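Source file: target.pdb (PDB, C-alpha atoms)
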```pdb
ATOM      1  CA  MET A   1     108.980  87.558  70.672
ATOM      2  CA  ASN A   2     105.429  86.180  70.564
ATOM      3  CA  LEU A   3     102.769  87.073  67.997
ATOM      4  CA  TRP A   4     100.981  89.612  70.193
ATOM      5  CA  SER A   5     104.273  91.405  70.881
ATOM      6  CA  ILE A   6     104.910  91.650  67.142
ATOM      7  CA  ILE A   7     101.416  93.019  66.606
ATOM      8  CA  SER A   8     101.908  95.543  69.422
ATOM      9  CA  VAL A   9     105.105  96.817  67.770
ATOM     10  CA  ILE A  10     103.234  97.203  64.474
ATOM     11  CA  LEU A  11     100.451  99.148  66.166
ATOM     12  CA  ILE A  12     102.832 101.420  68.056
ATOM     13  CA  THR A  13     104.630 102.128  64.769
ATOM     14  CA  LEU A  14     101.260 103.133  63.321
ATOM     15  CA  GLY A  15     100.685 105.413  66.306
ATOM     16  CA  LEU A  16      97.878 103.292  67.708
ATOM     17  CA  SER A  17      97.338 101.706  71.072
ATOM     18  CA  PRO A  18      97.498  97.887  71.206
ATOM     19  CA  ALA A  19      94.545  98.025  73.603
ATOM     20  CA  ARG A  20      92.446  99.373  70.759
ATOM     21  CA  VAL A  21      92.573  96.010  68.998
ATOM     22  CA  SER A  22      92.726  93.676  71.982
ATOM     23  CA  TYR A  23      89.403  92.081  71.061
ATOM     24  CA  LEU A  24      91.242  88.864  70.148
ATOM     25  CA  SER A  25      92.570  86.865  73.062
ATOM     26  CA  THR A  26      96.098  85.484  72.852
ATOM     27  CA  VAL A  27      94.621  82.002  72.368
ATOM     28  CA  GLU A  28      92.465  83.201  69.468
ATOM     29  CA  VAL A  29      95.398  84.948  67.805
ATOM     30  CA  PHE A  30      97.482  81.779  67.855
ATOM     31  CA  ASN A  31      94.548  79.695  66.641
ATOM     32  CA  GLN A  32      93.891  81.993  63.690
ATOM     33  CA  GLY A  33      97.567  82.550  62.885
ATOM     34  CA  THR A  34      98.549  84.952  60.133
ATOM     35  CA  GLU A  35      94.917  85.612  59.213
ATOM     36  CA  ALA A  36      94.356  87.247  62.589
ATOM     37  CA  THR A  37      97.523  89.331  62.177
ATOM     38  CA  ALA A  38      96.347  90.508  58.763
ATOM     39  CA  ASN A  39      92.931  91.377  60.161
ATOM     40  CA  ILE A  40      94.406  93.382  63.022
ATOM     41  CA  GLN A  41      96.816  95.263  60.767
ATOM     42  CA  ARG A  42      94.009  96.069  58.336
ATOM     43  CA  VAL A  43      91.393  97.285  60.800
ATOM     44  CA  ALA A  44      93.853  99.085  63.076
ATOM     45  CA  VAL A  45      94.516 101.808  60.519
ATOM     46  CA  ASP A  46      90.953 103.054  61.035
ATOM     47  CA  ASN A  47      90.967 104.060  64.681
ATOM     48  CA  SER A  48      87.303 105.108  64.468
ATOM     49  CA  LEU A  49      86.110 101.498  64.212
ATOM     50  CA  VAL A  50      84.417  99.961  67.223
ATOM     51  CA  LEU A  51      85.976  96.517  67.223
ATOM     52  CA  PRO A  52      84.282  93.386  68.565
ATOM     53  CA  GLN A  53      85.636  91.954  71.810
ATOM     54  CA  ARG A  54      85.077  88.441  73.102
ATOM     55  CA  LYS A  55      83.053  88.395  76.314
ATOM     56  CA  ASN A  56      83.151  84.681  77.081
ATOM     57  CA  LEU A  57      86.352  82.899  76.081
ATOM     58  CA  SER A  58      85.106  79.573  77.432
ATOM     59  CA  SER A  59      82.362  79.332  74.805
ATOM     60  CA  LEU A  60      83.907  77.917  71.627
ATOM     61  CA  GLY A  61      80.842  78.131  69.414
ATOM     62  CA  VAL A  62      77.920  75.954  68.446
ATOM     63  CA  LYS A  63      77.307  72.643  66.731
ATOM     64  CA  ILE A  64      75.856  72.976  63.235
ATOM     65  CA  SER A  65      75.037  70.620  60.387
ATOM     66  CA  ALA A  66      76.651  72.847  57.738
ATOM     67  CA  SER A  67      79.885  71.542  56.241
ATOM     68  CA  SER A  68      81.344  75.038  56.099
ATOM     69  CA  ALA A  69      80.386  78.274  57.836
ATOM     70  CA  ALA A  70      81.690  81.628  59.017
ATOM     71  CA  VAL A  71      80.590  84.804  60.789
ATOM     72  CA  MET A  72      82.132  88.209  60.098
ATOM     73  CA  ASP A  73      81.882  91.632  61.689
ATOM     74  CA  GLU A  74      80.814  93.723  58.715
ATOM     75  CA  ALA A  75      82.588  96.963  59.601
ATOM     76  CA  SER A  76      86.064  95.567  60.277
ATOM     77  CA  GLU A  77      85.707  92.363  58.209
ATOM     78  CA  THR A  78      87.023  90.457  61.208
ATOM     79  CA  VAL A  79      86.076  86.786  61.123
ATOM     80  CA  LEU A  80      84.530  85.971  64.500
ATOM     81  CA  TRP A  81      83.797  82.260  64.033
ATOM     82  CA  GLN A  82      84.549  79.759  61.310
ATOM     83  CA  LYS A  83      84.275  76.112  60.358
ATOM     84  CA  SER A  84      86.129  74.783  57.298
ATOM     85  CA  ALA A  85      85.756  78.319  55.961
ATOM     86  CA  LYS A  86      88.487  77.957  53.304
ATOM     87  CA  GLU A  87      86.956  74.828  51.808
ATOM     88  CA  ILE A  88      85.814  75.361  48.215
ATOM     89  CA  ARG A  89      82.185  74.312  47.846
ATOM     90  CA  SER A  90      79.258  74.714  45.462
ATOM     91  CA  ILE A  91      77.213  77.763  46.445
ATOM     92  CA  ALA A  92      74.044  77.253  44.367
ATOM     93  CA  SER A  93      71.791  80.337  44.144
ATOM     94  CA  ILE A  94      74.027  82.471  46.335
ATOM     95  CA  SER A  95      75.585  82.963  42.882
ATOM     96  CA  LYS A  96      72.701  85.316  42.111
ATOM     97  CA  LEU A  97      74.329  87.988  44.287
ATOM     98  CA  MET A  98      77.158  88.229  41.755
ATOM     99  CA  THR A  99      74.636  88.016  38.922
ATOM    100  CA  ALA A 100      72.858  91.032  40.394
ATOM    101  CA  LEU A 101      76.082  93.022  40.764
ATOM    102  CA  VAL A 102      77.065  92.396  37.139
ATOM    103  CA  PHE A 103      73.539  93.060  35.882
ATOM    104  CA  LEU A 104      73.471  96.458  37.587
ATOM    105  CA  GLU A 105      76.516  97.466  35.546
ATOM    106  CA  HIS A 106      74.582  96.627  32.350
ATOM    107  CA  ASN A 107      71.033  97.539  33.362
ATOM    108  CA  PRO A 108      69.082  98.456  30.190
ATOM    109  CA  GLY A 109      66.566 100.431  32.266
ATOM    110  CA  TRP A 110      64.191  99.409  35.051
ATOM    111  CA  ASP A 111      61.091 100.114  32.965
ATOM    112  CA  ASN A 112      62.194  98.163  29.888
ATOM    113  CA  LYS A 113      59.714  95.421  29.006
ATOM    114  CA  ILE A 114      60.818  91.800  28.617
ATOM    115  CA  THR A 115      58.645  88.896  27.481
ATOM    116  CA  MET A 116      59.228  85.570  29.216
ATOM    117  CA  LEU A 117      60.340  82.950  26.684
ATOM    118  CA  ALA A 118      60.517  79.167  26.688
ATOM    119  CA  GLU A 119      64.317  79.426  26.650
ATOM    120  CA  ASP A 120      64.168  81.144  30.040
ATOM    121  CA  GLU A 121      62.725  78.044  31.685
ATOM    122  CA  VAL A 122      65.609  76.322  33.438
ATOM    123  CA  GLY A 123      65.634  73.939  36.370
ATOM    124  CA  ALA A 124      62.794  71.881  37.751
ATOM    125  CA  ASP A 125      61.121  74.557  39.873
ATOM    126  CA  THR A 126      57.783  76.009  38.842
ATOM    127  CA  PRO A 127      58.428  79.532  37.507
ATOM    128  CA  ASN A 128      56.952  82.477  39.372
ATOM    129  CA  ILE A 129      56.272  84.361  36.129
ATOM    130  CA  LEU A 130      54.348  82.645  33.336
ATOM    131  CA  GLN A 131      55.749  82.099  29.841
ATOM    132  CA  ASP A 132      54.733  84.828  27.338
ATOM    133  CA  GLU A 133      54.082  87.271  30.200
ATOM    134  CA  GLU A 134      55.490  90.738  29.615
ATOM    135  CA  VAL A 135      57.146  92.261  32.678
ATOM    136  CA  THR A 136      59.608  95.022  33.468
ATOM    137  CA  VAL A 137      63.293  94.572  34.127
ATOM    138  CA  LYS A 138      62.619  95.706  37.690
ATOM    139  CA  ASN A 139      60.057  92.904  38.088
ATOM    140  CA  LEU A 140      62.667  90.389  36.922
ATOM    141  CA  PHE A 141      65.365  91.748  39.244
ATOM    142  CA  PHE A 142      63.193  91.579  42.352
ATOM    143  CA  THR A 143      61.723  88.182  41.427
ATOM    144  CA  ALA A 144      65.218  86.766  40.893
ATOM    145  CA  LEU A 145      66.459  87.902  44.307
ATOM    146  CA  VAL A 146      63.338  87.687  46.462
ATOM    147  CA  GLY A 147      62.043  84.387  45.089
ATOM    148  CA  SER A 148      65.433  83.082  43.893
ATOM    149  CA  ASP A 149      63.625  82.481  40.612
ATOM    150  CA  ASN A 150      65.786  80.805  37.968
ATOM    151  CA  ASN A 151      63.637  81.780  34.986
ATOM    152  CA  ALA A 152      63.501  85.426  36.034
ATOM    153  CA  THR A 153      67.278  85.379  36.443
ATOM    154  CA  ARG A 154      67.741  83.957  32.955
ATOM    155  CA  ALA A 155      65.442  86.614  31.481
ATOM    156  CA  LEU A 156      67.256  89.300  33.488
ATOM    157  CA  VAL A 157      70.557  88.272  31.909
ATOM    158  CA  ARG A 158      68.906  88.249  28.468
ATOM    159  CA  SER A 159      67.643  91.796  29.047
ATOM    160  CA  THR A 160      71.228  93.113  29.080
ATOM    161  CA  GLY A 161      71.800  92.069  25.461
ATOM    162  CA  LEU A 162      74.851  90.066  26.523
ATOM    163  CA  SER A 163      75.260  86.419  25.617
ATOM    164  CA  LEU A 164      75.161  83.940  28.473
ATOM    165  CA  ASP A 165      78.872  83.187  28.037
ATOM    166  CA  ASP A 166      79.818  86.865  28.018
ATOM    167  CA  PHE A 167      77.736  87.536  31.123
ATOM    168  CA  VAL A 168      79.352  84.652  33.013
ATOM    169  CA  LYS A 169      82.792  85.900  31.967
ATOM    170  CA  LEU A 170      81.943  89.268  33.494
ATOM    171  CA  MET A 171      80.918  87.515  36.709
ATOM    172  CA  ASN A 172      84.305  85.820  36.917
ATOM    173  CA  ASP A 173      86.109  89.032  36.004
ATOM    174  CA  LYS A 174      84.310  90.838  38.824
ATOM    175  CA  ALA A 175      85.172  88.051  41.251
ATOM    176  CA  LYS A 176      88.849  88.595  40.423
ATOM    177  CA  GLN A 177      88.481  92.366  40.832
ATOM    178  CA  MET A 178      87.001  91.767  44.281
ATOM    179  CA  GLY A 179      89.904  89.505  45.250
ATOM    180  CA  LEU A 180      87.744  86.373  45.343
ATOM    181  CA  VAL A 181      90.489  84.052  44.135
ATOM    182  CA  ASN A 182      88.662  80.839  45.065
ATOM    183  CA  THR A 183      85.330  81.841  43.534
ATOM    184  CA  TYR A 184      84.182  80.634  40.112
ATOM    185  CA  PHE A 185      80.950  80.844  38.133
ATOM    186  CA  ALA A 186      79.789  78.579  35.302
ATOM    187  CA  ASP A 187      76.272  80.027  35.065
ATOM    188  CA  PRO A 188      74.401  83.075  36.425
ATOM    189  CA  ILE A 189      71.779  80.994  38.229
ATOM    190  CA  GLY A 190      73.644  78.550  40.453
ATOM    191  CA  LEU A 191      72.391  75.252  39.038
ATOM    192  CA  ASN A 192      75.853  74.283  37.806
ATOM    193  CA  SER A 193      77.832  72.553  40.557
ATOM    194  CA  GLN A 194      80.958  74.359  39.330
ATOM    195  CA  ASN A 195      79.598  77.600  40.762
ATOM    196  CA  SER A 196      81.813  77.564  43.807
ATOM    197  CA  SER A 197      83.439  79.629  46.517
ATOM    198  CA  THR A 198      84.513  79.467  50.149
ATOM    199  CA  ALA A 199      82.605  80.649  53.199
ATOM    200  CA  LEU A 200      85.168  83.419  53.704
ATOM    201  CA  GLU A 201      84.782  84.688  50.149
ATOM    202  CA  VAL A 202      80.986  84.468  50.259
ATOM    203  CA  LEU A 203      81.156  86.840  53.247
ATOM    204  CA  LYS A 204      83.014  89.382  51.116
ATOM    205  CA  LEU A 205      80.638  88.931  48.184
ATOM    206  CA  ALA A 206      77.635  89.352  50.472
ATOM    207  CA  LYS A 207      79.037  92.497  52.085
ATOM    208  CA  THR A 208      79.466  94.143  48.696
ATOM    209  CA  ALA A 209      76.091  92.964  47.421
ATOM    210  CA  PHE A 210      74.020  93.797  50.499
ATOM    211  CA  ASN A 211      75.490  97.300  50.604
ATOM    212  CA  ASN A 212      74.296  97.981  47.077
ATOM    213  CA  LYS A 213      71.051  99.958  47.399
ATOM    214  CA  ASP A 214      69.184  97.987  44.721
ATOM    215  CA  ILE A 215      70.215  94.568  46.016
ATOM    216  CA  ASP A 216      69.510  95.741  49.553
ATOM    217  CA  SER A 217      65.987  96.778  48.519
ATOM    218  CA  ALA A 218      65.277  93.316  47.116
ATOM    219  CA  THR A 219      66.946  91.071  49.682
ATOM    220  CA  THR A 220      65.194  92.717  52.619
ATOM    221  CA  LEU A 221      61.673  91.946  51.347
ATOM    222  CA  LYS A 222      59.498  89.157  52.710
ATOM    223  CA  VAL A 223      57.118  89.516  49.748
ATOM    224  CA  TYR A 224      57.333  91.320  46.415
ATOM    225  CA  ASN A 225      54.040  92.218  44.725
ATOM    226  CA  PHE A 226      53.615  93.560  41.218
ATOM    227  CA  ASN A 227      51.025  93.781  38.462
ATOM    228  CA  ALA A 228      52.017  92.736  34.949
ATOM    229  CA  PRO A 229      50.695  94.771  31.989
ATOM    230  CA  SER A 230      48.329  91.844  31.349
ATOM    231  CA  GLY A 231      46.621  92.701  34.620
ATOM    232  CA  LYS A 232      47.822  89.580  36.399
ATOM    233  CA  ASN A 233      49.019  90.134  39.958
ATOM    234  CA  TYR A 234      52.173  88.351  41.068
ATOM    235  CA  LYS A 235      53.098  87.734  44.689
ATOM    236  CA  ILE A 236      56.704  86.596  45.059
ATOM    237  CA  LYS A 237      57.548  85.203  48.501
ATOM    238  CA  SER A 238      61.077  85.340  49.855
ATOM    239  CA  THR A 239      62.970  82.079  50.184
ATOM    240  CA  ASN A 240      64.753  83.555  53.225
ATOM    241  CA  TYR A 241      62.513  82.533  56.115
ATOM    242  CA  LEU A 242      64.828  84.184  58.655
ATOM    243  CA  LEU A 243      63.373  87.543  57.650
ATOM    244  CA  SER A 244      60.502  86.541  59.941
ATOM    245  CA  SER A 245      62.655  85.331  62.849
ATOM    246  CA  TYR A 246      63.358  87.056  66.166
ATOM    247  CA  LEU A 247      66.738  88.127  64.815
ATOM    248  CA  LYS A 248      67.019  91.497  63.082
ATOM    249  CA  VAL A 249      67.851  90.016  59.686
ATOM    250  CA  LYS A 250      68.442  92.828  57.209
ATOM    251  CA  ASN A 251      69.281  90.872  54.063
ATOM    252  CA  GLY A 252      69.757  87.316  52.914
ATOM    253  CA  LYS A 253      70.191  84.958  49.990
ATOM    254  CA  THR A 254      69.430  81.262  49.911
ATOM    255  CA  GLY A 255      70.728  78.492  47.684
ATOM    256  CA  SER A 256      70.376  74.739  47.321
ATOM    257  CA  THR A 257      71.288  71.960  44.907
ATOM    258  CA  ASP A 258      72.097  68.298  45.403
ATOM    259  CA  GLN A 259      75.822  69.090  45.197
ATOM    260  CA  ALA A 260      75.786  72.254  47.311
ATOM    261  CA  GLY A 261      73.372  71.102  49.972
ATOM    262  CA  TYR A 262      71.413  73.895  51.636
ATOM    263  CA  CYS A 263      73.120  77.276  51.803
ATOM    264  CA  LEU A 264      72.345  80.705  53.232
ATOM    265  CA  VAL A 265      74.065  84.027  53.778
ATOM    266  CA  VAL A 266      72.453  86.735  55.928
ATOM    267  CA  LYS A 267      73.246  90.146  57.345
ATOM    268  CA  VAL A 268      72.043  90.527  60.946
ATOM    269  CA  ALA A 269      71.878  93.677  63.079
ATOM    270  CA  GLY A 270      72.858  93.577  66.741
ATOM    271  CA  ARG A 271      71.825  95.675  69.723
ATOM    272  CA  ASP A 272      74.830  97.997  69.481
ATOM    273  CA  LYS A 273      74.130  99.089  65.873
ATOM    274  CA  GLN A 274      76.705  96.640  64.548
ATOM    275  CA  ASN A 275      76.087  94.252  61.670
ATOM    276  CA  ILE A 276      77.375  90.734  61.288
ATOM    277  CA  ILE A 277      77.274  88.563  58.177
ATOM    278  CA  THR A 278      76.752  84.829  58.611
ATOM    279  CA  VAL A 279      77.133  82.170  55.933
ATOM    280  CA  VAL A 280      76.397  78.445  56.087
ATOM    281  CA  LEU A 281      77.227  76.111  53.195
ATOM    282  CA  GLY A 282      76.141  72.493  52.894
ATOM    283  CA  SER A 283      73.569  72.247  55.676
ATOM    284  CA  ASP A 284      71.694  68.948  55.770
ATOM    285  CA  ASN A 285      68.251  70.256  54.834
ATOM    286  CA  GLN A 286      66.197  73.419  54.431
ATOM    287  CA  ASP A 287      65.274  73.698  58.097
ATOM    288  CA  ASP A 288      68.861  73.118  59.195
ATOM    289  CA  ARG A 289      70.272  75.917  57.064
ATOM    290  CA  PHE A 290      68.004  78.417  58.813
ATOM    291  CA  LYS A 291      68.669  76.844  62.210
ATOM    292  CA  ASP A 292      72.434  76.856  61.592
ATOM    293  CA  ALA A 293      72.491  80.509  60.536
ATOM    294  CA  LYS A 294      70.191  81.543  63.363
ATOM    295  CA  ILE A 295      72.112  79.905  66.192
ATOM    296  CA  LEU A 296      75.470  81.026  64.780
ATOM    297  CA  SER A 297      74.280  84.626  64.541
ATOM    298  CA  ALA A 298      72.701  84.536  67.996
ATOM    299  CA  TRP A 299      75.834  82.980  69.531
ATOM    300  CA  THR A 300      78.065  85.639  67.965
ATOM    301  CA  LEU A 301      75.929  88.547  69.127
ATOM    302  CA  GLU A 302      75.796  87.044  72.623
ATOM    303  CA  ASN A 303      79.516  86.322  72.924
ATOM    304  CA  PHE A 304      80.972  89.503  71.421
ATOM    305  CA  SER A 305      80.634  93.110  72.509
ATOM    306  CA  TRP A 306      80.949  96.201  70.304
ATOM    307  CA  LEU A 307      80.886  98.771  73.122
TER     308      LEU A 307
END
```

Translate the structure described by the file into structure tokens.
Amino acid sequence: MNLWSIISVILITLGLSPARVSYLSTVEVFNQGTEATANIQRVAVDNSLVLPQRKNLSSLGVKISASSAAVMDEASETVLWQKSAKEIRSIASISKLMTALVFLEHNPGWDNKITMLAEDEVGADTPNILQDEEVTVKNLFFTALVGSDNNATRALVRSTGLSLDDFVKLMNDKAKQMGLVNTYFADPIGLNSQNSSTALEVLKLAKTAFNNKDIDSATTLKVYNFNAPSGKNYKIKSTNYLLSSYLKVKNGKTGSTDQAGYCLVVKVAGRDKQNIITVVLGSDNQDDRFKDAKILSAWTLENFSWL
């Protein structure tokens, strides 16, 4: 009995039609092996899902510079394209998505005031918010995610009253709770090369993060403006340039270090009201990470149907 026959028996046992999940061709099922079987079993139990179907089996994907990448249908969590997606790699500032999730569980209050300290200055980048400036926790949260600002992230962690070590422990605890067994954090910023994950697990992290209303509000902005109590106006520009592309990019988070290369994860809306999440890890340069994510997302939306 071949793999599709086994899957059909499973579906019939569940009271579902095998045609309902026939979006994977026989070739694709064999190529993806047990992962595809697990995906089909998981999504089949919700018969209300509109599952993606391949339109052009002759198109195998695109050439990208990224060392690792993957595209996932958000609703069913079906992986639609992947390259070395189980390879554990440094993820740089994509780490800030987990930082944001943990912070929101320990938020001292959006209007709480925090003064930027010298100890908050980490990394070589010029900080968006000046030392000794007093800002709100909300200002820090949006600056950390929109501008991927390391100093704002450090101050955000400090605002919780938790030590750095305790905060990082909570990040790793949450990763385990989410089933991210190959994900590890050594700092809340992403500068440490030990902050690592796989493309497949970044997809899951991004889905959870982007569906949080506060993280969604920040990661969809091209620019975040605010006035500090000092009267100084701050204009924080997004590091995610794809927010201005022809694609309907809803959310995104960038990252880059020498060890990680250039990384990006984005949520993109298609014509049929579906969302896909695309991640690229280890692209050659800043331009390539956006190019890689853009052509992968465009290829997926062109080669799959959700009707």

(message) I'd like the neighbourhood of Ile129 (chain A) as a ChimeraX atom specification, where a residue qualifies if any of its atoms comes within 12 Å (using all atoms listed in the file), though same-chain residues fewer than 6 positions away should be ignored.
(response) /A:114-118,120-121,135-136,139-140,142-144,147,149-155,225-228,230,232-236

(message) Ranking A:Lys204, A:Lys96, A:Lys176, A:Lys169 by minimum distance to Thr78 (chain A) and counting only C-alpha atoms, which one comes first?
(response) A:Lys204

Could you please give me, as a tab-separated table (two decimals) with C-alpha atoms, in the frame of the given file, the residues of protein, DNA or RNA lying at most 10 Å from (79.7, 94.5, 38.5) in the coordinate frame of the file, considering only C-alpha atoms?
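Wrote it out as out22.tsv, contents follow:
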```
chain	number	residue	atom	x	y	z
A	98	MET	CA	77.16	88.23	41.76
A	99	THR	CA	74.64	88.02	38.92
A	100	ALA	CA	72.86	91.03	40.39
A	101	LEU	CA	76.08	93.02	40.76
A	102	VAL	CA	77.06	92.40	37.14
A	103	PHE	CA	73.54	93.06	35.88
A	104	LEU	CA	73.47	96.46	37.59
A	105	GLU	CA	76.52	97.47	35.55
A	106	HIS	CA	74.58	96.63	32.35
A	170	LEU	CA	81.94	89.27	33.49
A	171	MET	CA	80.92	87.52	36.71
A	172	ASN	CA	84.30	85.82	36.92
A	173	ASP	CA	86.11	89.03	36.00
A	174	LYS	CA	84.31	90.84	38.82
A	175	ALA	CA	85.17	88.05	41.25
A	177	GLN	CA	88.48	92.37	40.83
A	178	MET	CA	87.00	91.77	44.28
A	209	ALA	CA	76.09	92.96	47.42
```

Between region 80-100 of chain A and region 292-299 of chain A, at 12 Å or less, what are the per-residue closest atom pairs and their distances in Å? Count all atoms listed in the file, order by chain and rising residue number, and return it as JSON lines.
```
{"residue": "A:Leu80", "atom": "CA", "partner": "A:Leu296", "partner_atom": "CA", "distance": 10.3}
{"residue": "A:Trp81", "atom": "CA", "partner": "A:Leu296", "partner_atom": "CA", "distance": 8.5}
{"residue": "A:Gln82", "atom": "CA", "partner": "A:Leu296", "partner_atom": "CA", "distance": 9.8}
{"residue": "A:Lys83", "atom": "CA", "partner": "A:Leu296", "partner_atom": "CA", "distance": 11.0}
```

(message) Considering all atoms listed in the file, can you say which of A:Val223, A:Leu164, A:Ala85, A:Ile64 comes closest to Glu119 (chain A)?
(response) A:Leu164

(message) Restricting the calculation to all atoms listed in the file: of A:Thr219, A:Asn107, A:Asn192, A:Ser93, which residue gets closest to Ser159 (chain A)?
(response) A:Asn107

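Proximity of A:Lys138, A:Thr257, A:Ser238, A:Lys86 to Leu180 (chain A), computed with all atoms listed in the file, is greatest for A:Lys86.
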
(request) Enter the distance from CA of Glu74 (chain A) to CA of Ala92 (chain A), in Å, rounded to one decimal. (result)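 These two atoms are separated by 22.9 Å.
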
(message) Given only C-alpha atoms as the basis, pick out the residue of A:Pro52, A:Gly123, A:Gly270, A:Gly255 nearest to Ser196 (chain A).
(response) A:Gly255

Export C-alpha atoms of region 219-257 of chain A from the structure just given, as a short mmCIF file (atom, residue, chain, number, x, y, z; two decimals), in the first residue's frame?
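Ended up saving to selection_21.cif:
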```cif
data_model
loop_
_atom_site.label_atom_id
_atom_site.label_comp_id
_atom_site.auth_asym_id
_atom_site.auth_seq_id
_atom_site.Cartn_x
_atom_site.Cartn_y
_atom_site.Cartn_z
CA THR A 219 5.30 45.00 12.90
CA THR A 220 2.87 46.42 10.34
CA LEU A 221 4.16 50.00 10.64
CA LYS A 222 6.46 51.64 8.10
CA VAL A 223 7.18 54.49 10.54
CA TYR A 224 6.54 54.99 14.24
CA ASN A 225 6.38 58.59 15.49
CA PHE A 226 6.26 59.71 19.10
CA ASN A 227 7.05 62.72 21.26
CA ALA A 228 9.13 62.20 24.39
CA PRO A 229 8.22 64.18 27.54
CA SER A 230 11.29 66.31 26.79
CA GLY A 231 9.50 67.55 23.69
CA LYS A 232 11.83 65.77 21.29
CA ASN A 233 10.11 64.08 18.36
CA TYR A 234 11.30 60.62 17.36
CA LYS A 235 10.67 59.07 13.96
CA ILE A 236 11.47 55.35 13.93
CA LYS A 237 11.64 53.83 10.45
CA SER A 238 10.92 50.16 9.88
CA THR A 239 13.81 47.92 8.91
CA ASN A 240 11.36 45.83 6.86
CA TYR A 241 11.49 47.46 3.43
CA LEU A 242 9.01 44.94 2.00
CA LEU A 243 6.22 46.87 3.71
CA SER A 244 6.56 49.22 0.73
CA SER A 245 6.67 46.52 -1.95
CA TYR A 246 3.94 45.47 -4.39
CA LEU A 247 3.21 42.47 -2.17
CA LYS A 248 0.57 42.82 0.54
CA VAL A 249 3.03 42.40 3.41
CA LYS A 250 1.14 42.50 6.70
CA ASN A 251 3.97 41.99 9.18
CA GLY A 252 7.68 41.35 9.24
CA LYS A 253 10.83 41.15 11.32
CA THR A 254 14.39 41.54 10.11
CA GLY A 255 17.67 40.35 11.57
CA SER A 256 21.35 40.37 10.68
CA THR A 257 24.72 39.59 12.24
#
```
